[in-house]
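Dumped run_29.tsv below, it's TSV, C-alpha atoms and all ligand atoms:
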chain	number	residue	atom	x	y	z
D	1	MET	CA	45.80	-22.35	37.50
D	2	ASP	CA	44.93	-25.44	35.48
D	3	GLN	CA	43.17	-25.31	32.12
D	4	ASN	CA	39.86	-25.97	33.89
D	5	ALA	CA	40.23	-22.68	35.70
D	6	PRO	CA	36.83	-21.01	35.92
D	7	ARG	CA	36.21	-18.14	33.58
D	8	LYS	CA	36.15	-14.79	35.37
D	9	VAL	CA	32.79	-13.15	34.78
D	10	GLU	CA	32.11	-9.43	34.68
D	11	HIS	CA	29.58	-8.89	37.46
D	12	GLN	CA	28.23	-5.64	36.02
D	13	GLN	CA	24.82	-4.18	36.90
D	14	THR	CA	23.14	-6.50	39.38
D	15	ASP	CA	19.93	-6.01	41.33
D	16	ARG	CA	22.11	-4.71	44.14
D	17	GLY	CA	23.91	-2.14	42.04
D	18	TYR	CA	27.23	-2.17	40.16
D	19	VAL	CA	29.61	-4.79	41.57
D	20	PRO	CA	32.97	-4.66	39.78
D	21	VAL	CA	34.45	-8.13	39.34
D	22	TYR	CA	37.82	-7.19	40.86
D	23	ALA	CA	36.10	-6.35	44.13
D	24	THR	CA	34.13	-9.54	44.38
D	25	GLY	CA	36.47	-12.23	43.06
D	26	VAL	CA	33.29	-13.84	41.80
D	27	VAL	CA	33.57	-16.51	39.11
D	28	GLU	CA	31.19	-18.94	37.45
D	29	GLN	CA	30.97	-22.40	39.07
D	30	PRO	CA	32.82	-24.59	36.54
D	31	TRP	CA	30.40	-27.44	37.12
D	32	ALA	CA	31.15	-29.25	33.86
D	33	SER	CA	34.86	-29.35	34.72
D	34	TYR	CA	34.48	-31.26	38.00
D	35	SER	CA	36.11	-34.71	37.72
D	36	ARG	CA	34.62	-38.02	38.87
D	37	THR	CA	37.03	-37.80	41.79
D	38	ASP	CA	35.65	-34.35	42.75
D	39	HIS	CA	32.11	-35.71	42.80
D	40	ASP	CA	33.24	-38.79	44.73
D	41	VAL	CA	34.92	-36.57	47.36
D	42	TRP	CA	31.63	-34.67	47.81
D	43	ASN	CA	29.71	-37.97	48.09
D	44	THR	CA	32.14	-39.42	50.64
D	45	LEU	CA	32.12	-36.30	52.82
D	46	PHE	CA	28.34	-35.95	52.57
D	47	GLN	CA	27.66	-39.59	53.36
D	48	ARG	CA	29.92	-39.46	56.47
D	49	GLN	CA	28.14	-36.39	57.82
D	50	ARG	CA	24.66	-37.68	56.93
D	51	GLU	CA	25.36	-40.72	59.14
D	52	LEU	CA	26.92	-38.73	61.96
D	53	LEU	CA	24.85	-35.55	62.31
D	54	PRO	CA	21.31	-36.71	63.21
D	55	GLY	CA	21.05	-36.04	66.97
D	56	ARG	CA	24.15	-33.83	66.81
D	57	ALA	CA	23.35	-30.99	64.38
D	58	CYS	CA	20.45	-28.68	65.21
D	59	LYS	CA	17.16	-29.39	63.44
D	60	GLU	CA	17.31	-26.10	61.49
D	61	PHE	CA	20.54	-27.28	59.86
D	62	MET	CA	19.16	-30.76	59.06
D	63	GLU	CA	15.99	-29.19	57.61
D	64	GLY	CA	18.15	-26.95	55.39
D	65	VAL	CA	20.09	-29.95	54.03
D	66	GLU	CA	16.75	-31.63	53.30
D	67	ARG	CA	15.18	-28.60	51.62
D	68	PHE	CA	18.15	-28.10	49.33
D	69	GLY	CA	17.98	-31.77	48.44
D	70	LEU	CA	21.70	-32.11	49.17
D	71	GLY	CA	22.77	-35.72	48.78
D	72	GLU	CA	25.19	-38.19	47.29
D	73	GLY	CA	24.48	-37.23	43.71
D	74	GLY	CA	27.78	-35.36	43.47
D	75	ILE	CA	28.57	-31.65	43.68
D	76	PRO	CA	25.38	-29.56	43.48
D	77	LYS	CA	24.92	-26.75	40.96
D	78	PHE	CA	24.92	-23.36	42.68
D	79	ALA	CA	22.25	-22.17	40.22
D	80	ASP	CA	19.88	-24.91	41.45
D	81	LEU	CA	20.51	-24.03	45.09
D	82	ASN	CA	20.04	-20.32	44.36
D	83	LYS	CA	16.52	-21.01	43.10
D	84	VAL	CA	15.58	-22.35	46.55
D	85	LEU	CA	17.67	-19.84	48.49
D	86	GLY	CA	16.50	-16.76	46.54
D	87	LYS	CA	12.82	-17.38	47.08
D	88	THR	CA	13.25	-18.33	50.76
D	89	THR	CA	15.53	-15.74	52.38
D	90	GLY	CA	16.79	-13.74	49.41
D	91	TRP	CA	20.38	-14.98	49.76
D	92	GLU	CA	22.52	-15.94	46.76
D	93	LEU	CA	25.58	-18.20	46.53
D	94	VAL	CA	28.45	-16.74	44.56
D	95	ALA	CA	31.38	-18.91	43.44
D	96	VAL	CA	34.78	-17.52	44.46
D	97	GLU	CA	38.42	-18.56	44.21
D	98	GLY	CA	38.83	-18.90	47.98
D	99	LEU	CA	39.40	-16.65	50.99
D	100	LEU	CA	38.56	-13.04	50.21
D	101	PRO	CA	39.89	-9.88	51.85
D	102	ASP	CA	37.76	-9.19	54.94
D	103	GLU	CA	36.09	-6.11	53.51
D	104	VAL	CA	35.14	-7.91	50.29
D	105	PHE	CA	33.76	-10.82	52.31
D	106	PHE	CA	31.77	-8.50	54.57
D	107	ASP	CA	30.38	-6.63	51.57
D	108	HIS	CA	29.04	-9.89	50.16
D	109	LEU	CA	27.36	-10.80	53.45
D	110	ALA	CA	25.94	-7.27	53.83
D	111	ASN	CA	24.29	-7.80	50.43
D	112	ARG	CA	23.02	-11.33	51.15
D	113	ARG	CA	25.62	-12.99	48.96
D	114	PHE	CA	27.48	-15.97	50.43
D	115	PRO	CA	30.87	-16.70	48.85
D	116	VAL	CA	31.44	-20.42	48.16
D	117	SER	CA	34.80	-21.74	46.94
D	118	TRP	CA	34.25	-23.34	43.51
D	119	TRP	CA	36.87	-26.11	44.10
D	120	ILE	CA	36.68	-29.16	46.37
D	121	ARG	CA	39.49	-30.77	48.39
D	122	LYS	CA	41.50	-33.75	47.15
D	123	PRO	CA	40.86	-37.30	48.47
D	124	GLU	CA	44.05	-37.10	50.56
D	125	GLN	CA	42.67	-33.97	52.29
D	126	LEU	CA	39.39	-35.50	53.49
D	127	ASP	CA	40.03	-34.75	57.14
D	128	TYR	CA	41.95	-31.53	57.07
D	129	LEU	CA	42.65	-28.67	54.75
D	130	SER	CA	44.00	-25.21	55.39
D	131	GLU	CA	41.35	-23.02	53.76
D	132	PRO	CA	37.60	-23.38	53.20
D	133	ASP	CA	36.74	-25.50	50.17
D	134	LEU	CA	33.37	-26.09	48.51
D	135	PHE	CA	32.31	-28.73	51.02
D	136	HIS	CA	33.07	-26.53	54.03
D	137	ASP	CA	31.35	-23.48	52.50
D	138	LEU	CA	28.39	-25.18	50.89
D	139	PHE	CA	27.57	-28.06	53.23
D	140	GLY	CA	28.78	-26.18	56.33
D	141	HIS	CA	27.37	-22.70	55.83
D	142	VAL	CA	24.55	-22.76	53.29
D	143	PRO	CA	21.78	-24.93	54.86
D	144	LEU	CA	21.30	-22.49	57.74
D	145	LEU	CA	20.85	-19.59	55.31
D	146	LEU	CA	17.34	-20.97	54.78
D	147	ASN	CA	16.56	-20.11	58.41
D	148	PRO	CA	15.18	-16.53	58.34
D	149	VAL	CA	16.61	-15.46	61.71
D	150	PHE	CA	20.07	-16.86	61.01
D	151	ALA	CA	19.96	-15.36	57.51
D	152	ASP	CA	19.25	-11.94	59.07
D	153	TYR	CA	22.09	-12.46	61.55
D	154	MET	CA	24.53	-13.15	58.73
D	155	GLN	CA	23.54	-9.96	56.92
D	156	ALA	CA	23.73	-7.93	60.16
D	157	TYR	CA	27.16	-9.47	60.75
D	158	GLY	CA	28.28	-8.36	57.28
D	159	ARG	CA	27.09	-4.81	57.93
D	160	GLY	CA	28.89	-4.84	61.27
D	161	GLY	CA	32.01	-6.01	59.46
D	162	MET	CA	31.86	-3.13	57.03
D	163	LYS	CA	31.69	-0.70	59.99
D	164	ALA	CA	34.46	-2.51	61.90
D	165	PHE	CA	36.64	-2.37	58.81
D	166	GLY	CA	36.29	1.41	58.88
D	167	ILE	CA	37.18	1.59	62.60
D	168	GLY	CA	40.40	-0.42	62.51
D	169	PRO	CA	42.22	-3.74	63.01
D	170	GLU	CA	41.31	-4.26	66.69
D	171	ALA	CA	37.62	-3.87	65.89
D	172	LEU	CA	38.04	-6.28	62.99
D	173	MET	CA	39.74	-8.80	65.29
D	174	ASN	CA	36.84	-8.56	67.77
D	175	LEU	CA	34.38	-9.16	64.95
D	176	THR	CA	36.35	-12.06	63.49
D	177	ARG	CA	36.22	-13.73	66.93
D	178	LEU	CA	32.44	-13.29	66.94
D	179	TYR	CA	32.23	-15.05	63.55
D	180	TRP	CA	34.60	-17.78	64.67
D	181	TYR	CA	32.76	-18.65	67.90
D	182	THR	CA	29.27	-18.51	66.36
D	183	VAL	CA	29.05	-19.03	62.59
D	184	GLU	CA	32.05	-21.38	62.47
D	185	PHE	CA	32.10	-23.17	65.85
D	186	GLY	CA	28.83	-22.35	67.60
D	187	LEU	CA	26.67	-24.71	69.69
D	188	ILE	CA	23.00	-24.17	70.59
D	189	ASN	CA	20.86	-25.37	73.50
D	190	THR	CA	17.65	-27.10	72.36
D	191	ASP	CA	14.81	-29.03	74.02
D	192	GLU	CA	16.53	-32.22	72.87
D	193	GLY	CA	19.92	-31.14	74.30
D	194	MET	CA	23.03	-29.31	73.12
D	195	ARG	CA	23.35	-29.27	69.32
D	196	ILE	CA	25.77	-28.00	66.64
D	197	TYR	CA	25.14	-25.10	64.27
D	198	GLY	CA	28.71	-23.97	63.44
D	199	ALA	CA	29.83	-24.63	59.85
D	200	GLY	CA	33.40	-25.48	60.81
D	201	ILE	CA	32.03	-28.28	63.02
D	202	VAL	CA	29.25	-29.75	60.83
D	203	SER	CA	31.65	-30.04	57.89
D	204	SER	CA	34.19	-31.93	60.03
D	205	LYS	CA	33.66	-35.55	61.06
D	206	GLY	CA	36.12	-35.41	63.97
D	207	GLU	CA	34.94	-32.13	65.42
D	208	SER	CA	31.25	-33.07	65.09
D	209	ILE	CA	32.01	-35.78	67.66
D	210	TYR	CA	34.60	-33.94	69.77
D	211	CYS	CA	32.61	-30.73	70.34
D	212	LEU	CA	29.74	-32.52	72.14
D	213	ASP	CA	31.34	-35.69	73.54
D	214	ALA	CA	34.93	-34.86	74.54
D	215	PRO	CA	35.55	-33.91	78.22
D	216	ALA	CA	38.52	-31.70	77.23
D	217	PRO	CA	36.89	-28.50	75.90
D	218	ASN	CA	34.91	-25.91	77.84
D	219	ARG	CA	31.26	-25.36	76.91
D	220	ILE	CA	30.21	-21.89	78.04
D	221	GLY	CA	27.10	-19.72	77.55
D	222	PHE	CA	27.45	-17.18	74.71
D	223	GLY	CA	28.12	-13.53	75.58
D	224	LEU	CA	28.89	-10.95	72.88
D	225	GLU	CA	31.77	-9.20	74.63
D	226	ARG	CA	33.03	-12.46	76.13
D	227	VAL	CA	33.40	-13.92	72.66
D	228	MET	CA	34.79	-10.74	71.09
D	229	ASN	CA	37.45	-10.72	73.79
D	230	THR	CA	38.51	-14.37	73.50
D	231	ARG	CA	41.36	-15.56	71.29
D	232	TYR	CA	40.92	-18.74	69.24
D	233	ARG	CA	43.02	-21.42	67.56
D	234	ILE	CA	42.93	-22.27	63.87
D	235	ASP	CA	45.14	-25.36	64.06
D	236	THR	CA	43.27	-27.65	66.48
D	237	TYR	CA	39.76	-28.43	67.64
D	238	GLN	CA	38.36	-25.58	69.69
D	239	GLN	CA	39.31	-25.36	73.38
D	240	THR	CA	36.06	-23.55	74.20
D	241	TYR	CA	32.66	-23.79	72.52
D	242	PHE	CA	30.16	-21.00	73.16
D	243	VAL	CA	26.52	-22.01	73.45
D	244	ILE	CA	23.56	-19.83	72.40
D	245	ASP	CA	19.97	-20.40	73.55
D	246	SER	CA	18.42	-19.46	70.19
D	247	PHE	CA	19.21	-17.81	66.85
D	248	GLU	CA	17.06	-14.90	68.03
D	249	GLN	CA	19.55	-14.39	70.89
D	250	LEU	CA	22.35	-14.26	68.33
D	251	PHE	CA	20.53	-11.78	66.12
D	252	GLU	CA	19.60	-9.57	69.11
D	253	ALA	CA	23.29	-9.50	70.08
D	254	THR	CA	24.10	-7.71	66.82
D	255	ARG	CA	21.53	-4.94	67.40
D	256	PRO	CA	23.61	-2.53	69.51
D	257	ASP	CA	26.28	-0.32	67.98
D	258	PHE	CA	29.56	-2.18	68.61
D	259	THR	CA	31.69	0.98	68.73
D	260	PRO	CA	31.60	1.42	72.53
D	261	ILE	CA	32.37	-2.31	72.94
D	262	TYR	CA	35.42	-2.02	70.68
D	263	ALA	CA	36.55	0.99	72.71
D	264	ARG	CA	36.21	-0.99	75.98
D	265	LEU	CA	38.11	-3.97	74.60
D	266	LYS	CA	40.79	-1.96	72.79
D	267	ASP	CA	43.24	-1.54	75.66
D	268	GLY	CA	42.59	-4.78	77.55
D	269	THR	CA	44.18	-8.15	76.89
D	270	ALA	CA	41.99	-10.83	75.37
D	271	HIS	CA	41.24	-14.08	77.23
D	272	ALA	CA	43.03	-17.23	76.15
D	273	ALA	CA	40.94	-19.76	74.24
D	274	ALA	CA	40.95	-22.18	77.20
D	275	ASP	CA	40.13	-19.64	79.93
D	276	VAL	CA	37.04	-20.03	82.16
D	277	LEU	CA	35.94	-16.83	83.92
D	278	GLY	CA	34.11	-16.43	87.20
D	279	SER	CA	31.32	-14.66	85.34
D	280	ASP	CA	30.89	-17.52	82.82
D	281	ARG	CA	27.73	-19.66	82.57
D	282	VAL	CA	29.63	-22.97	82.54
D	283	PHE	CA	27.95	-26.02	80.98
D	284	ASN	CA	31.22	-27.96	81.00
D	285	ARG	CA	34.56	-27.00	82.55
D	286	GLY	CA	36.93	-28.90	80.27
D	287	THR	CA	39.69	-31.23	81.44
D	288	ARG	CA	42.03	-29.61	78.86
D	289	GLU	CA	43.33	-33.06	78.05
D	290	GLY	CA	45.41	-32.89	74.87
D	291	PHE	CA	45.29	-29.09	74.66
D	292	ALA	CA	48.10	-27.37	72.79
D	293	THR	CA	50.13	-25.28	75.23
D	294	ASP	CA	51.56	-22.71	72.83
D	295	ALA	CA	49.91	-19.32	72.47
D	296	ASP	CA	46.57	-18.88	70.73
D	297	THR	CA	46.24	-16.62	67.74
K	301	LIG	N1	36.54	-15.30	52.56
K	301	LIG	N2	35.71	-16.66	50.86
K	301	LIG	C1	35.81	-16.36	52.19
K	301	LIG	N3	35.18	-17.14	53.09
K	301	LIG	C2	35.26	-16.87	54.43
K	301	LIG	O1	34.68	-17.60	55.26
K	301	LIG	C3	36.01	-15.76	54.86
K	301	LIG	C4	36.64	-14.97	53.88
K	301	LIG	N4	37.38	-13.92	54.25
K	301	LIG	C5	37.50	-13.50	55.64
K	301	LIG	C6	36.84	-14.43	56.58
K	301	LIG	N5	36.12	-15.46	56.18
K	301	LIG	C7	37.00	-14.26	58.06
K	301	LIG	O2	37.96	-13.28	58.36
K	301	LIG	C8	35.70	-13.87	58.74
K	301	LIG	O3	35.91	-13.92	60.11
K	301	LIG	C9	35.31	-12.52	58.35
K	302	FE	FE	33.55	-20.98	57.06

Rewrite the structure of this file - the entire thing - as structure tokens.
Amino acid sequence: MDQNAPRKVEHQQTDRGYVPVYATGVVEQPWASYSRTDHDVWNTLFQRQRELLPGRACKEFMEGVERFGLGEGGIPKFADLNKVLGKTTGWELVAVEGLLPDEVFFDHLANRRFPVSWWIRKPEQLDYLSEPDLFHDLFGHVPLLLNPVFADYMQAYGRGGMKAFGIGPEALMNLTRLYWYTVEFGLINTDEGMRIYGAGIVSSKGESIYCLDAPAPNRIGFGLERVMNTRYRIDTYQQTYFVIDSFEQLFEATRPDFTPIYARLKDGTAHAAADVLGSDRVFNRGTREGFATDADT
């Protein structure tokens, strides 16, 4: 870790109880140590998405970007964003080193804390990087946390994750698929047409175009079990996008106890990412042009 490595802070007594630092991987955002290049990377990525997303991203996302005052003034300070976030939906950004163990990640969400990587990608990684960086986490995920219904969904998801973690790896897999096909790569029907809300899409120039315009992928109506039982790919654009009708629909989907669903799915085989089922509400049956043919994860 370079000499600018963020200091680890002891997250002792917080307003949500004792949170030992080893369990959270939470650090201070080393804002003063960001280089000119780091700020330029943020500005380049932001400017590209600001030009591309109007008419593509849902209005709730665009409103969130506006309300946070995100712009081309370089990497924002988490403390500034937390002032807006805290008084709106009670969420808090916490700076982390990167991907966290599932149960640590779920615990943050269950307590209305969203983990954001403190580092940003290098200029040569503008269009692809292997794990979520600051731009993906902050620009992709955070604006929608100002939407009360979506904010409640994210906390309900975290609580569900804590339960799934206790049940076992299959349950966790089902839940990870739910996150993948909604929070990361979800689409939503609106009066103006189909729009993006998934963080993995809005933070990606290529996929922001592909997910709505390309004939190749399927676009299918969201169903909780359908999504939990569908494999996904991490190495290409999605082969199927699931479409919700509202954030309320998403939140309602998390109301039931998932245990019987996990039990039903446990012994079956999951659908492939590209599958279209007879029971699906199909908005677009993809041409599969350019699809990878090896197995999905
Ligand atoms: N950790 N920091 C971080 N950010 C994530 O988005 C994240 C994670 N750990 C696990 C994880 N996501 C996925 O497994 C979710 O599906 C739970
Ligand atoms: Fe993400």

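Counting all atoms listed in the file, the residue from D:His141, D:Arg159, D:Arg226, D:Arg113 that sits nearest to ligand FE 302 (chain K) is D:His141.
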
Distance query Arg121 (chain D) at most 8 Å, only C-alpha atoms, self and fewer than 6 positions along chain excluded, as a PyMOL selection string = chain D and resi 38+41+129+133-135

Within 8 Å of ligand LIG 301 (chain K), which residues of chain D come that close, and what is the closest atom pair and distance in Å for each? Count all atoms listed in the file and give it as JSON lines.
{"residue": "D:Val96", "atom": "CA", "partner": "K:LIG301", "partner_atom": "N2", "distance": 6.5}
{"residue": "D:Glu97", "atom": "CA", "partner": "K:LIG301", "partner_atom": "N2", "distance": 7.4}
{"residue": "D:Gly98", "atom": "CA", "partner": "K:LIG301", "partner_atom": "N2", "distance": 4.8}
{"residue": "D:Leu99", "atom": "CA", "partner": "K:LIG301", "partner_atom": "N1", "distance": 3.5}
{"residue": "D:Leu100", "atom": "CA", "partner": "K:LIG301", "partner_atom": "N1", "distance": 3.8}
{"residue": "D:Pro101", "atom": "CA", "partner": "K:LIG301", "partner_atom": "N4", "distance": 5.3}
{"residue": "D:Asp102", "atom": "CA", "partner": "K:LIG301", "partner_atom": "C5", "distance": 4.4}
{"residue": "D:Glu103", "atom": "CA", "partner": "K:LIG301", "partner_atom": "C5", "distance": 7.8}
{"residue": "D:Val104", "atom": "CA", "partner": "K:LIG301", "partner_atom": "N4", "distance": 7.5}
{"residue": "D:Phe105", "atom": "CA", "partner": "K:LIG301", "partner_atom": "N4", "distance": 5.1}
{"residue": "D:Phe106", "atom": "CA", "partner": "K:LIG301", "partner_atom": "C9", "distance": 6.6}
{"residue": "D:Pro115", "atom": "CA", "partner": "K:LIG301", "partner_atom": "N2", "distance": 5.2}
{"residue": "D:Val116", "atom": "CA", "partner": "K:LIG301", "partner_atom": "N2", "distance": 6.3}
{"residue": "D:Ser117", "atom": "CA", "partner": "K:LIG301", "partner_atom": "N2", "distance": 6.5}
{"residue": "D:Pro132", "atom": "CA", "partner": "K:LIG301", "partner_atom": "N3", "distance": 6.7}
{"residue": "D:Asp137", "atom": "CA", "partner": "K:LIG301", "partner_atom": "O1", "distance": 7.3}
{"residue": "D:Gly161", "atom": "CA", "partner": "K:LIG301", "partner_atom": "C9", "distance": 7.4}
{"residue": "D:Leu175", "atom": "CA", "partner": "K:LIG301", "partner_atom": "O3", "distance": 7.0}
{"residue": "D:Thr176", "atom": "CA", "partner": "K:LIG301", "partner_atom": "O3", "distance": 3.9}
{"residue": "D:Arg177", "atom": "CA", "partner": "K:LIG301", "partner_atom": "O3", "distance": 6.8}
{"residue": "D:Leu178", "atom": "CA", "partner": "K:LIG301", "partner_atom": "O3", "distance": 7.7}
{"residue": "D:Tyr179", "atom": "CA", "partner": "K:LIG301", "partner_atom": "O3", "distance": 5.2}
{"residue": "D:Trp180", "atom": "CA", "partner": "K:LIG301", "partner_atom": "O3", "distance": 6.1}

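Closest approach to ligand FE 302 (chain K) among D:Gln155, D:Gln29, D:Thr182, D:Thr89 is made by D:Thr182 (distances from all atoms listed in the file).
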
Surroundings of ligand FE 302 (chain K) up to 6 Å, based on all atoms listed in the file, as number ranges by chain = D: 137, 184, 199-200

Would you write out, as CSV, a table of all residues in region 113-222 of chain D that have an atom no more than 12 Å from an atom of region 266-287 of chain D, listing for each the closest atom pair and the distance in Å to one decimal, considering all atoms listed in the file and ordering rows by chain and rising residue number?
residue,atom,partner,partner_atom,distance
D:Ile167,CA,D:Lys266,CA,11.4
D:Gly168,CA,D:Lys266,CA,10.4
D:Pro169,CA,D:Lys266,CA,10.0
D:Glu170,CA,D:Lys266,CA,6.5
D:Ala171,CA,D:Lys266,CA,7.8
D:Leu172,CA,D:Lys266,CA,11.1
D:Met173,CA,D:Lys266,CA,10.2
D:Asn174,CA,D:Lys266,CA,9.2
D:Arg177,CA,D:Ala273,CA,10.6
D:Trp180,CA,D:Ala273,CA,11.6
D:Tyr181,CA,D:Ala273,CA,10.4
D:Leu187,CA,D:Phe283,CA,11.4
D:Ile188,CA,D:Phe283,CA,11.7
D:Asn189,CA,D:Phe283,CA,10.3
D:Gly193,CA,D:Phe283,CA,11.6
D:Met194,CA,D:Phe283,CA,9.8
D:Tyr210,CA,D:Gly286,CA,11.9
D:Cys211,CA,D:Gly286,CA,11.0
D:Leu212,CA,D:Asn284,CA,10.1
D:Asp213,CA,D:Asn284,CA,10.7
D:Ala214,CA,D:Gly286,CA,8.5
D:Pro215,CA,D:Gly286,CA,5.6
D:Ala216,CA,D:Thr287,CA,4.4
D:Pro217,CA,D:Gly286,CA,4.4
D:Asn218,CA,D:Gly286,CA,4.4
D:Arg219,CA,D:Asn284,CA,4.8
D:Ile220,CA,D:Val282,CA,4.7
D:Gly221,CA,D:Arg281,CA,5.1
D:Phe222,CA,D:Arg281,CA,8.2

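For Gly55 (chain D), the non-local neighbours within 10 Å, defined as residues at least 2 positions apart in the same chain or in other chains and counting only C-alpha atoms, are Leu52, Leu53, Ala57, Cys58, Lys59, Met62, Glu192, Gly193, Met194, Arg195 and Ile196 of chain D.
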
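Taking CA of Asn43 (chain D) and CA of Phe61 (chain D) as the two end points, the separation is 18.4 Å.
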
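The spacing separating CA of Tyr157 (chain D) from CA of Leu224 (chain D) amounts to 12.3 Å.
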
Exercise: Thr293 (chain D) partners within 12 Å, all atoms listed in the file, chain neighbours under 3 positions left out, as a list of chain:residue names = D:Arg233, D:Thr236, D:Gln239, D:Ala272, D:Ala273, D:Ala274, D:Arg288, D:Glu289, D:Gly290, D:Asp296

Tell me, counting only C-alpha atoms, for each residue of region 81-187 of chain D within 7 Å of region 240-258 of chain D, which pair of atoms is nearest and how far apart they are in Å to one decimal, in rows ordered by chain and increasing number, as JSON lines.
{"residue": "D:Val149", "atom": "CA", "partner": "D:Phe247", "partner_atom": "CA", "distance": 6.2}
{"residue": "D:Phe150", "atom": "CA", "partner": "D:Phe247", "partner_atom": "CA", "distance": 6.0}
{"residue": "D:Tyr153", "atom": "CA", "partner": "D:Phe251", "partner_atom": "CA", "distance": 4.9}
{"residue": "D:Ala156", "atom": "CA", "partner": "D:Thr254", "partner_atom": "CA", "distance": 6.7}
{"residue": "D:Tyr181", "atom": "CA", "partner": "D:Phe242", "partner_atom": "CA", "distance": 6.3}
{"residue": "D:Phe185", "atom": "CA", "partner": "D:Tyr241", "partner_atom": "CA", "distance": 6.7}
{"residue": "D:Gly186", "atom": "CA", "partner": "D:Phe242", "partner_atom": "CA", "distance": 5.9}
{"residue": "D:Leu187", "atom": "CA", "partner": "D:Val243", "partner_atom": "CA", "distance": 4.6}

Rank D:Ala110, D:Ile209, D:Leu265, D:Ala32 by their smallest atom-to-atom distance to Asn229 (chain D), using all atoms listed in the file, and report the top residue only.
-> D:Leu265

Near Leu146 (chain D), counting all atoms listed in the file, which residues have an atom at most 7 Å away, once you skip same-chain residues fewer than 6 positions from it, shown as a PyMOL selection string?
-> chain D and resi 64+85+88-89

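The space between CA of Gly25 (chain D) and CA of Leu109 (chain D) spans 13.9 Å.
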